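One structure is given here, and the rest of the page talks about it.
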Amino acid sequence: MAWKFKIHLIHFKPLWEFVKFVFLTSSVHGFGHVVARRTHPLEKIMWCGFVVLAVYGAAIISSMTLSRYRDNPTVISMERDRFSWNTSFPAVTICPTQKVDVEYLDRFLSESNDTKNKPLFREFVLSLGEATYTNFDRVVEHEEVPSDEYMRVIRKFMITFRPSVSSSAINGEHLTLQETITEMGICYSFNSHLAVYNSFDYWNKGYWKLLPETETLSVNPLDGEVLATVVNISTGFQVYIHGPYEVVDIASKYVKSPNGYFLQLYLTGLTLYSSENAKMLGIPQRKCRFHYESDLRHSPVYSYVLCRMECRASLANRLCGCTPHFYRKLGKMISVGRIKQFLIKEG
């Protein structure tokens, strides 16, 4: 056994001499003291501890740097190039406070021979047109109308909303309004890229594809005050201000104007820029999604509010097995009974 142990020492001696040589000639402070001949054993232990702590600290700092690159690799800087100050004009969504054309509804009922209980149907249409999360309990029940026809009934008797929209940014040319379905009912948006994806026509055609983006208005601080004018509104309304790549929901802030009043809003814009390289980062690194990176079930596009609406619809479906009629239907939709007449169920 003794001669075998001696052979092992002979084999490991060159390796130990090499390690000593590396430690003595290394530029890392402390390595030389560990293998120095005249160093006291306690001092060697102390220096070994210092080296271990230094290596551990370097590993922690390297790990933090790597984690920052992986999870939050962006920095914020001030943009001073005045030629890059162009920013999108905000999108506007207008929701009429009067949803139903009462005159047309009364005329329809007077000429109709198929409707059995006309007073009940009238109250049903009026309450359904006004239905939101805040007043579902006041929706009148009507078993003759299937739940998957609720939106068609609302659109059939909705008011004609055709105001004139213009902006000084395009020399007073008229803008078009996009009908869009929200949690507040049928509303109208302009300068929005996402409103079309919540329109009845888009849903009715069974589309899930991304559409070519329409051109939106851009403004510059050097332009001075830029005006957008909406006239010929025949009813009171709620107006929502948001970004072109955003929509509104029941929790969005709004300004309300009664019928016959003139409303003026003054806004100050603040733009955040990001370099093109941000597109190359992953979603966990950006901590956000572009509108074309949707993982939502009810929409082919993504936004923060659309995600919030998806959560609200999923919560309703989980708690009562049904979702409100103003969400896009997924699969077959059936009635869920008298108590939840205002809701629809996804099968």
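Simple scheme: letters A, B, ... for chains in structure tokens order, numbers from 1 for residues in each chain, numbers from 1 for ligands in the order shown.
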Exercise for the section: Taking the DSSP assignment computed from this structure's backbone, write out as a PyMOL selection string all residues of range 118-328 of chain A that belong to strand (DSSP E). Expected result: chain A and resi 164-167+174-175+178-182+185-190+218-219+228-231+237-242+255-257+323-324
Restrict the selected residues to C-alpha atoms and save them as a PDB file, in the first residue's frame.
```pdb
ATOM      1  CA  SER A 164     -69.110  65.395 -39.418  1.00  0.00           C
ATOM      2  CA  VAL A 165     -65.471  65.012 -38.305  1.00  0.00           C
ATOM      3  CA  SER A 166     -62.628  67.206 -39.559  1.00  0.00           C
ATOM      4  CA  SER A 167     -59.140  68.220 -38.440  1.00  0.00           C
ATOM      5  CA  HIS A 174     -63.526  65.129 -43.391  1.00  0.00           C
ATOM      6  CA  LEU A 175     -62.621  61.980 -41.484  1.00  0.00           C
ATOM      7  CA  GLN A 178     -65.490  53.413 -37.613  1.00  0.00           C
ATOM      8  CA  GLU A 179     -68.357  51.648 -35.892  1.00  0.00           C
ATOM      9  CA  THR A 180     -67.015  49.493 -33.074  1.00  0.00           C
ATOM     10  CA  ILE A 181     -68.610  47.303 -30.402  1.00  0.00           C
ATOM     11  CA  THR A 182     -67.527  48.063 -26.844  1.00  0.00           C
ATOM     12  CA  GLY A 185     -72.548  49.219 -26.567  1.00  0.00           C
ATOM     13  CA  ILE A 186     -72.044  50.429 -30.125  1.00  0.00           C
ATOM     14  CA  CYS A 187     -69.620  53.356 -30.342  1.00  0.00           C
ATOM     15  CA  TYR A 188     -67.710  55.159 -33.093  1.00  0.00           C
ATOM     16  CA  SER A 189     -63.960  55.763 -33.400  1.00  0.00           C
ATOM     17  CA  PHE A 190     -61.642  57.711 -35.647  1.00  0.00           C
ATOM     18  CA  SER A 218     -49.570  62.833 -37.146  1.00  0.00           C
ATOM     19  CA  VAL A 219     -48.793  66.148 -35.469  1.00  0.00           C
ATOM     20  CA  ALA A 228     -60.283  68.046 -34.374  1.00  0.00           C
ATOM     21  CA  THR A 229     -63.919  69.058 -34.729  1.00  0.00           C
ATOM     22  CA  VAL A 230     -66.989  66.844 -34.407  1.00  0.00           C
ATOM     23  CA  VAL A 231     -70.294  68.504 -35.289  1.00  0.00           C
ATOM     24  CA  PHE A 237     -72.442  61.380 -25.864  1.00  0.00           C
ATOM     25  CA  GLN A 238     -69.451  60.123 -23.927  1.00  0.00           C
ATOM     26  CA  VAL A 239     -66.026  60.787 -25.465  1.00  0.00           C
ATOM     27  CA  TYR A 240     -62.934  58.665 -24.774  1.00  0.00           C
ATOM     28  CA  ILE A 241     -59.386  59.736 -25.653  1.00  0.00           C
ATOM     29  CA  HIS A 242     -56.834  56.968 -26.214  1.00  0.00           C
ATOM     30  CA  VAL A 255     -65.991  63.029 -20.599  1.00  0.00           C
ATOM     31  CA  LYS A 256     -69.775  63.250 -20.900  1.00  0.00           C
ATOM     32  CA  SER A 257     -71.702  65.905 -22.788  1.00  0.00           C
ATOM     33  CA  THR A 323     -70.515  35.949 -21.370  1.00  0.00           C
ATOM     34  CA  PRO A 324     -72.207  39.237 -22.333  1.00  0.00           C
TER      35      PRO A 324
END
```
Residue neighbourhood His291 in chain A, 8 Å, only C-alpha atoms, exclusion window fewer than 3 positions, as a PDB file with N, CA and C atoms, in the first residue's frame:
```pdb
ATOM      1  N   TYR A 245     -53.449  52.589 -31.081  1.00  0.00           N
ATOM      2  CA  TYR A 245     -53.335  51.141 -30.919  1.00  0.00           C
ATOM      3  C   TYR A 245     -53.971  50.687 -29.606  1.00  0.00           C
ATOM      4  N   SER A 294     -50.844  38.925 -30.725  1.00  0.00           N
ATOM      5  CA  SER A 294     -51.975  38.613 -29.853  1.00  0.00           C
ATOM      6  C   SER A 294     -51.975  37.146 -29.433  1.00  0.00           C
ATOM      7  N   VAL A 301     -55.912  40.862 -32.510  1.00  0.00           N
ATOM      8  CA  VAL A 301     -54.925  41.888 -32.164  1.00  0.00           C
ATOM      9  C   VAL A 301     -54.865  42.017 -30.650  1.00  0.00           C
ATOM     10  N   TYR A 302     -53.773  42.615 -30.182  1.00  0.00           N
ATOM     11  CA  TYR A 302     -53.547  42.722 -28.740  1.00  0.00           C
ATOM     12  C   TYR A 302     -53.422  44.180 -28.328  1.00  0.00           C
ATOM     13  N   SER A 303     -53.970  44.483 -27.175  1.00  0.00           N
ATOM     14  CA  SER A 303     -53.709  45.743 -26.482  1.00  0.00           C
ATOM     15  C   SER A 303     -53.970  45.500 -25.001  1.00  0.00           C
TER      16      SER A 303
END
```
Problem - Residue neighbourhood Lys279 in chain A, 12 Å, only C-alpha atoms, exclusion window fewer than 3 positions, as a VMD selection string - result: chain A and resid 74 274 to 276 282 to 283 285 to 290 292 to 293
With C-alpha atoms retained, write the just-selected residues as an mmCIF file, in the first residue's frame.
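The resulting file, part05.cif, is shown below:
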```
data_model
loop_
_atom_site.group_PDB
_atom_site.id
_atom_site.type_symbol
_atom_site.label_atom_id
_atom_site.label_comp_id
_atom_site.auth_asym_id
_atom_site.auth_seq_id
_atom_site.Cartn_x
_atom_site.Cartn_y
_atom_site.Cartn_z
ATOM 1 C CA THR A 74 -33.925 48.674 -22.361
ATOM 2 C CA SER A 274 -38.193 53.173 -28.814
ATOM 3 C CA SER A 275 -35.536 52.074 -31.265
ATOM 4 C CA GLU A 276 -36.228 49.530 -33.982
ATOM 5 C CA GLY A 282 -38.574 38.731 -26.804
ATOM 6 C CA ILE A 283 -41.893 39.435 -25.106
ATOM 7 C CA GLN A 285 -37.669 41.094 -22.253
ATOM 8 C CA ARG A 286 -39.940 43.887 -23.513
ATOM 9 C CA LYS A 287 -42.666 43.163 -20.964
ATOM 10 C CA CYS A 288 -45.189 44.197 -23.592
ATOM 11 C CA ARG A 289 -46.693 42.990 -26.858
ATOM 12 C CA PHE A 290 -47.133 44.598 -30.225
ATOM 13 C CA TYR A 292 -49.859 41.787 -33.996
ATOM 14 C CA GLU A 293 -48.553 39.487 -31.214
#
```
Practice task
Within range 134-339 of chain A, find each residue whose DSSP state, derived from the backbone, is helix (DSSP H, G or I), and express the selection as a PyMOL selection string.
Solution key: chain A and resi 136-138+147-156+168-170+195-198+200-204+221-223+276-280+283-286+304-320
Handout entry: Contact residues around Val55 in chain A with only C-alpha atoms at 12 Å, ignoring same-chain residues under 5 positions, as a list of chain:residue names
Key =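 The residues satisfying every condition are A:Val28, A:His29, A:Gly30, A:Phe31, A:Cys48, A:Gly49, A:Phe50, A:Ile60, A:Ile61, A:Ser62.
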Could you dump the residues just selected with C-alpha atoms as an mmCIF file, in the first residue's frame?
```
data_model
loop_
_atom_site.group_PDB
_atom_site.id
_atom_site.type_symbol
_atom_site.label_atom_id
_atom_site.label_comp_id
_atom_site.auth_asym_id
_atom_site.auth_seq_id
_atom_site.Cartn_x
_atom_site.Cartn_y
_atom_site.Cartn_z
ATOM 1 C CA VAL A 28 -5.854 38.157 -9.256
ATOM 2 C CA HIS A 29 -5.103 39.669 -5.867
ATOM 3 C CA GLY A 30 -4.914 37.070 -3.104
ATOM 4 C CA PHE A 31 -4.000 33.989 -5.132
ATOM 5 C CA CYS A 48 -8.794 31.496 0.839
ATOM 6 C CA GLY A 49 -11.928 32.976 2.401
ATOM 7 C CA PHE A 50 -11.314 36.315 0.693
ATOM 8 C CA ILE A 60 -23.626 37.293 -8.258
ATOM 9 C CA ILE A 61 -22.873 40.481 -10.200
ATOM 10 C CA SER A 62 -22.511 38.531 -13.448
#
```
Practice task
For Phe326 in chain A, please output as a list in words all residues within 10 Å (counting only C-alpha atoms; exclusion window: fewer than 6 positions along the same chain).
Solution key: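 So, after excluding close chain neighbours, the residues are Ala131, Thr132, Tyr150, Met151, Ile181, Thr182, Glu183, Met184, Gly185, Ile186, Asn198, Phe200, Ala313, Leu343 and Ile344 of chain A.
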Practice task
Rank A:Arg122, A:Phe89, A:Glu144, A:Tyr133 by their smallest atom-to-atom distance to Glu225 in chain A, using only C-alpha atoms, and report the top residue only.
Solution key: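 With only C-alpha atoms as the atom set, the closest residue is A:Phe89.
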Problem - Polymer residues at most 12 Å from Tyr202 in chain A, only C-alpha atoms, same-chain spacing of 2 or more positions, as a list in words - result: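 Result of the neighbour search: Gln178, Glu179, Thr180, Ile181, Leu194, Ala195, Val196, Tyr197, Asn198, Ser199, Phe200, Asn204, Lys205, Gly206, Tyr207, Trp208, Lys209, Leu210, Leu211, Ser299, Pro300 and Arg328 of chain A.
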Writing out the chosen residues with C-alpha atoms as a short mmCIF file (atom, residue, chain, number, x, y, z; two decimals), in the first residue's frame:
```cif
data_model
loop_
_atom_site.label_atom_id
_atom_site.label_comp_id
_atom_site.auth_asym_id
_atom_site.auth_seq_id
_atom_site.Cartn_x
_atom_site.Cartn_y
_atom_site.Cartn_z
CA GLN A 178 -65.49 53.41 -37.61
CA GLU A 179 -68.36 51.65 -35.89
CA THR A 180 -67.02 49.49 -33.07
CA ILE A 181 -68.61 47.30 -30.40
CA LEU A 194 -57.86 48.59 -33.71
CA ALA A 195 -61.50 49.72 -33.75
CA VAL A 196 -62.22 47.78 -36.95
CA TYR A 197 -61.41 44.46 -35.24
CA ASN A 198 -64.38 44.96 -32.89
CA SER A 199 -66.81 45.93 -35.63
CA PHE A 200 -69.91 43.87 -36.39
CA ASN A 204 -69.99 38.71 -39.18
CA LYS A 205 -67.56 37.87 -42.01
CA GLY A 206 -65.70 35.47 -39.74
CA TYR A 207 -62.41 37.32 -40.12
CA TRP A 208 -59.46 36.60 -37.84
CA LYS A 209 -56.76 38.05 -40.07
CA LEU A 210 -54.87 41.31 -39.69
CA LEU A 211 -56.04 44.07 -42.01
CA SER A 299 -59.37 39.17 -30.78
CA PRO A 300 -56.68 38.75 -33.47
CA ARG A 328 -67.20 38.19 -29.97
#
```
Problem - Residue among A:Leu265, A:Leu128, A:Met46, A:Val92 lying closest to Asn191 in chain A, counting only C-alpha atoms - result: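 Result for the nearest residue to Asn191 in chain A: A:Val92.
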Practice task
Can you work out the spacing between CA of Asn72 in chain A and CA of Asn277 in chain A in Å, to one decimal?
Solution key: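 Between these atoms lies a distance of 13.6 Å.
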